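Dumped model-v4.cif below, it's mmCIF, C-alpha atoms:
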data_input
loop_
_atom_site.label_atom_id
_atom_site.label_comp_id
_atom_site.auth_asym_id
_atom_site.auth_seq_id
_atom_site.Cartn_x
_atom_site.Cartn_y
_atom_site.Cartn_z
CA MET U 1 99.28 100.42 60.71
CA SER U 2 101.26 99.81 63.87
CA ALA U 3 99.88 97.91 66.83
CA ASN U 4 100.28 101.05 68.97
CA ILE U 5 98.08 103.08 66.62
CA GLU U 6 95.44 100.35 66.49
CA LYS U 7 95.35 100.06 70.28
CA LEU U 8 95.31 103.87 70.64
CA GLN U 9 92.35 104.01 68.26
CA GLN U 10 90.48 101.62 70.51
CA VAL U 11 91.40 103.44 73.72
CA ILE U 12 90.52 106.89 72.35
CA SER U 13 87.29 105.71 70.71
CA SER U 14 86.22 104.00 73.92
CA TYR U 15 87.20 106.93 76.14
CA PHE U 16 85.28 109.50 74.08
CA GLY U 17 82.51 107.14 72.95
CA THR U 18 83.08 108.06 69.34
CA SER U 19 83.06 106.24 66.05
CA GLU U 20 84.96 109.05 64.33
CA PRO U 21 87.95 107.78 62.36
CA ILE U 22 91.18 108.08 64.32
CA ASP U 23 94.57 107.88 62.65
CA GLU U 24 98.11 109.19 63.13
CA SER U 25 97.11 112.73 62.13
CA THR U 26 94.13 112.96 64.51
CA VAL U 27 94.38 115.93 66.89
CA ALA U 28 92.32 116.80 69.96
CA ALA U 29 90.23 119.31 67.98
CA ASP U 30 89.03 116.45 65.76
CA ILE U 31 87.26 114.69 68.66
CA ASP U 32 84.26 116.19 70.47
CA GLY U 33 85.00 116.62 74.17
CA TRP U 34 88.79 116.34 73.90
CA ASP U 35 89.70 119.34 76.02
CA SER U 36 92.58 119.82 78.46
CA LEU U 37 90.86 118.00 81.32
CA ALA U 38 89.87 115.10 79.08
CA HIS U 39 93.44 115.04 77.71
CA ALA U 40 94.90 114.58 81.20
CA SER U 41 92.43 111.77 81.98
CA LEU U 42 93.02 110.13 78.61
CA MET U 43 96.78 110.14 79.20
CA ILE U 44 96.25 108.27 82.47
CA ARG U 45 94.14 105.67 80.68
CA VAL U 46 96.73 105.34 77.89
CA GLU U 47 99.51 104.90 80.46
CA GLU U 48 97.52 102.11 82.11
CA GLU U 49 96.65 100.39 78.81
CA PHE U 50 100.23 100.47 77.51
CA ASP U 51 101.98 100.08 80.89
CA VAL U 52 104.10 103.21 80.37
CA GLN U 53 104.56 106.47 82.21
CA PHE U 54 104.73 109.64 80.15
CA PRO U 55 107.17 112.34 81.22
CA MET U 56 104.97 115.19 82.47
CA GLU U 57 106.44 117.71 80.02
CA ALA U 58 105.73 115.40 77.08
CA ILE U 59 102.02 115.03 77.84
CA TRP U 60 101.22 118.59 76.82
CA LYS U 61 103.59 118.70 73.82
CA LEU U 62 102.00 115.84 71.88
CA LYS U 63 100.55 117.24 68.66
CA ASN U 64 98.64 114.21 67.36
CA VAL U 65 97.94 110.53 67.83
CA GLY U 66 100.98 109.60 65.74
CA GLU U 67 103.29 111.44 68.14
CA MET U 68 101.60 109.69 71.05
CA ALA U 69 102.19 106.29 69.42
CA SER U 70 105.84 107.18 68.76
CA LEU U 71 106.35 108.23 72.38
CA ILE U 72 104.77 105.00 73.58
CA ALA U 73 107.12 103.00 71.34
CA LYS U 74 110.16 104.88 72.69
CA LEU U 75 109.07 104.37 76.29
CA ARG U 76 108.48 100.65 75.73
CA GLU U 77 111.89 100.25 74.09
CA GLY U 78 113.54 101.82 77.13
CA ALA U 79 111.69 99.56 79.56
#
Output the structure of this file as structure tokens.
Amino acid sequence: MSANIEKLQQVISSYFGTSEPIDESTVAADIDGWDSLAHASLMIRVEEEFDVQFPMEAIWKLKNVGEMASLIAKLREGA
């Protein structure tokens, strides 16, 4: 498992206060309370934790945690 996924697991678990398993295929519907407002707030926290800035259009197109980790990796490579 990549370091990005492991760190995302921690950030998401902490943000939502859940012990539900989180992996690359986890989607918002899998986590209680992960609605559109929570998604926007979570993205801010993820940006801070990973020191990246998501393109606004990408934030709403992410389908699962794996896509989020991939985007983080791409953004960090371009830094």
Taking only residues of region 12-38 of chain U that have an atom at most 7 Å from an atom of region 61-65 of chain U, what is each one's shortest atom pair and its distance in Å to one decimal, using only C-alpha atoms, in chain and number order, as a tab-separated table?
residue	atom	partner	partner_atom	distance
U:Asp23	CA	U:Val65	CA	6.7
U:Glu24	CA	U:Val65	CA	4.9
U:Ser25	CA	U:Asn64	CA	5.6
U:Thr26	CA	U:Asn64	CA	5.5
U:Val27	CA	U:Asn64	CA	4.6
Among listed residues U:Lys74, U:Ala69, U:Phe54, U:Ile22, nearest Ala3 (chain U) (using only C-alpha atoms):
U:Ala69
Can you measure CA of Phe50 (chain U) to CA of Val11 (chain U) for me? One decimal in Å is fine.
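Here the two named atoms are 10.1 Å from each other.
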Pull out every residue that the PyMOL selection byres ((chain U and resi 45) around 12) matches in the shown coordinates and put them as a ChimeraX atom specification.
/U:7-8,10-12,14-16,38-44,46-54
Mind giving me the straight-line distance from CA of Gly17 (chain U) to CA of Ser36 (chain U) in Å, one decimal?
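A separation of 17.1 Å between them.
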Residue among U:Met56, U:Ile31, U:Leu37, U:Ile5 lying closest to Ser19 (chain U), counting only C-alpha atoms:
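Answer, going by the shortest atom-to-atom distance: U:Ile31.
When CA of Gly33 (chain U) is paired with CA of Met68 (chain U), their separation reads 18.3 Å.
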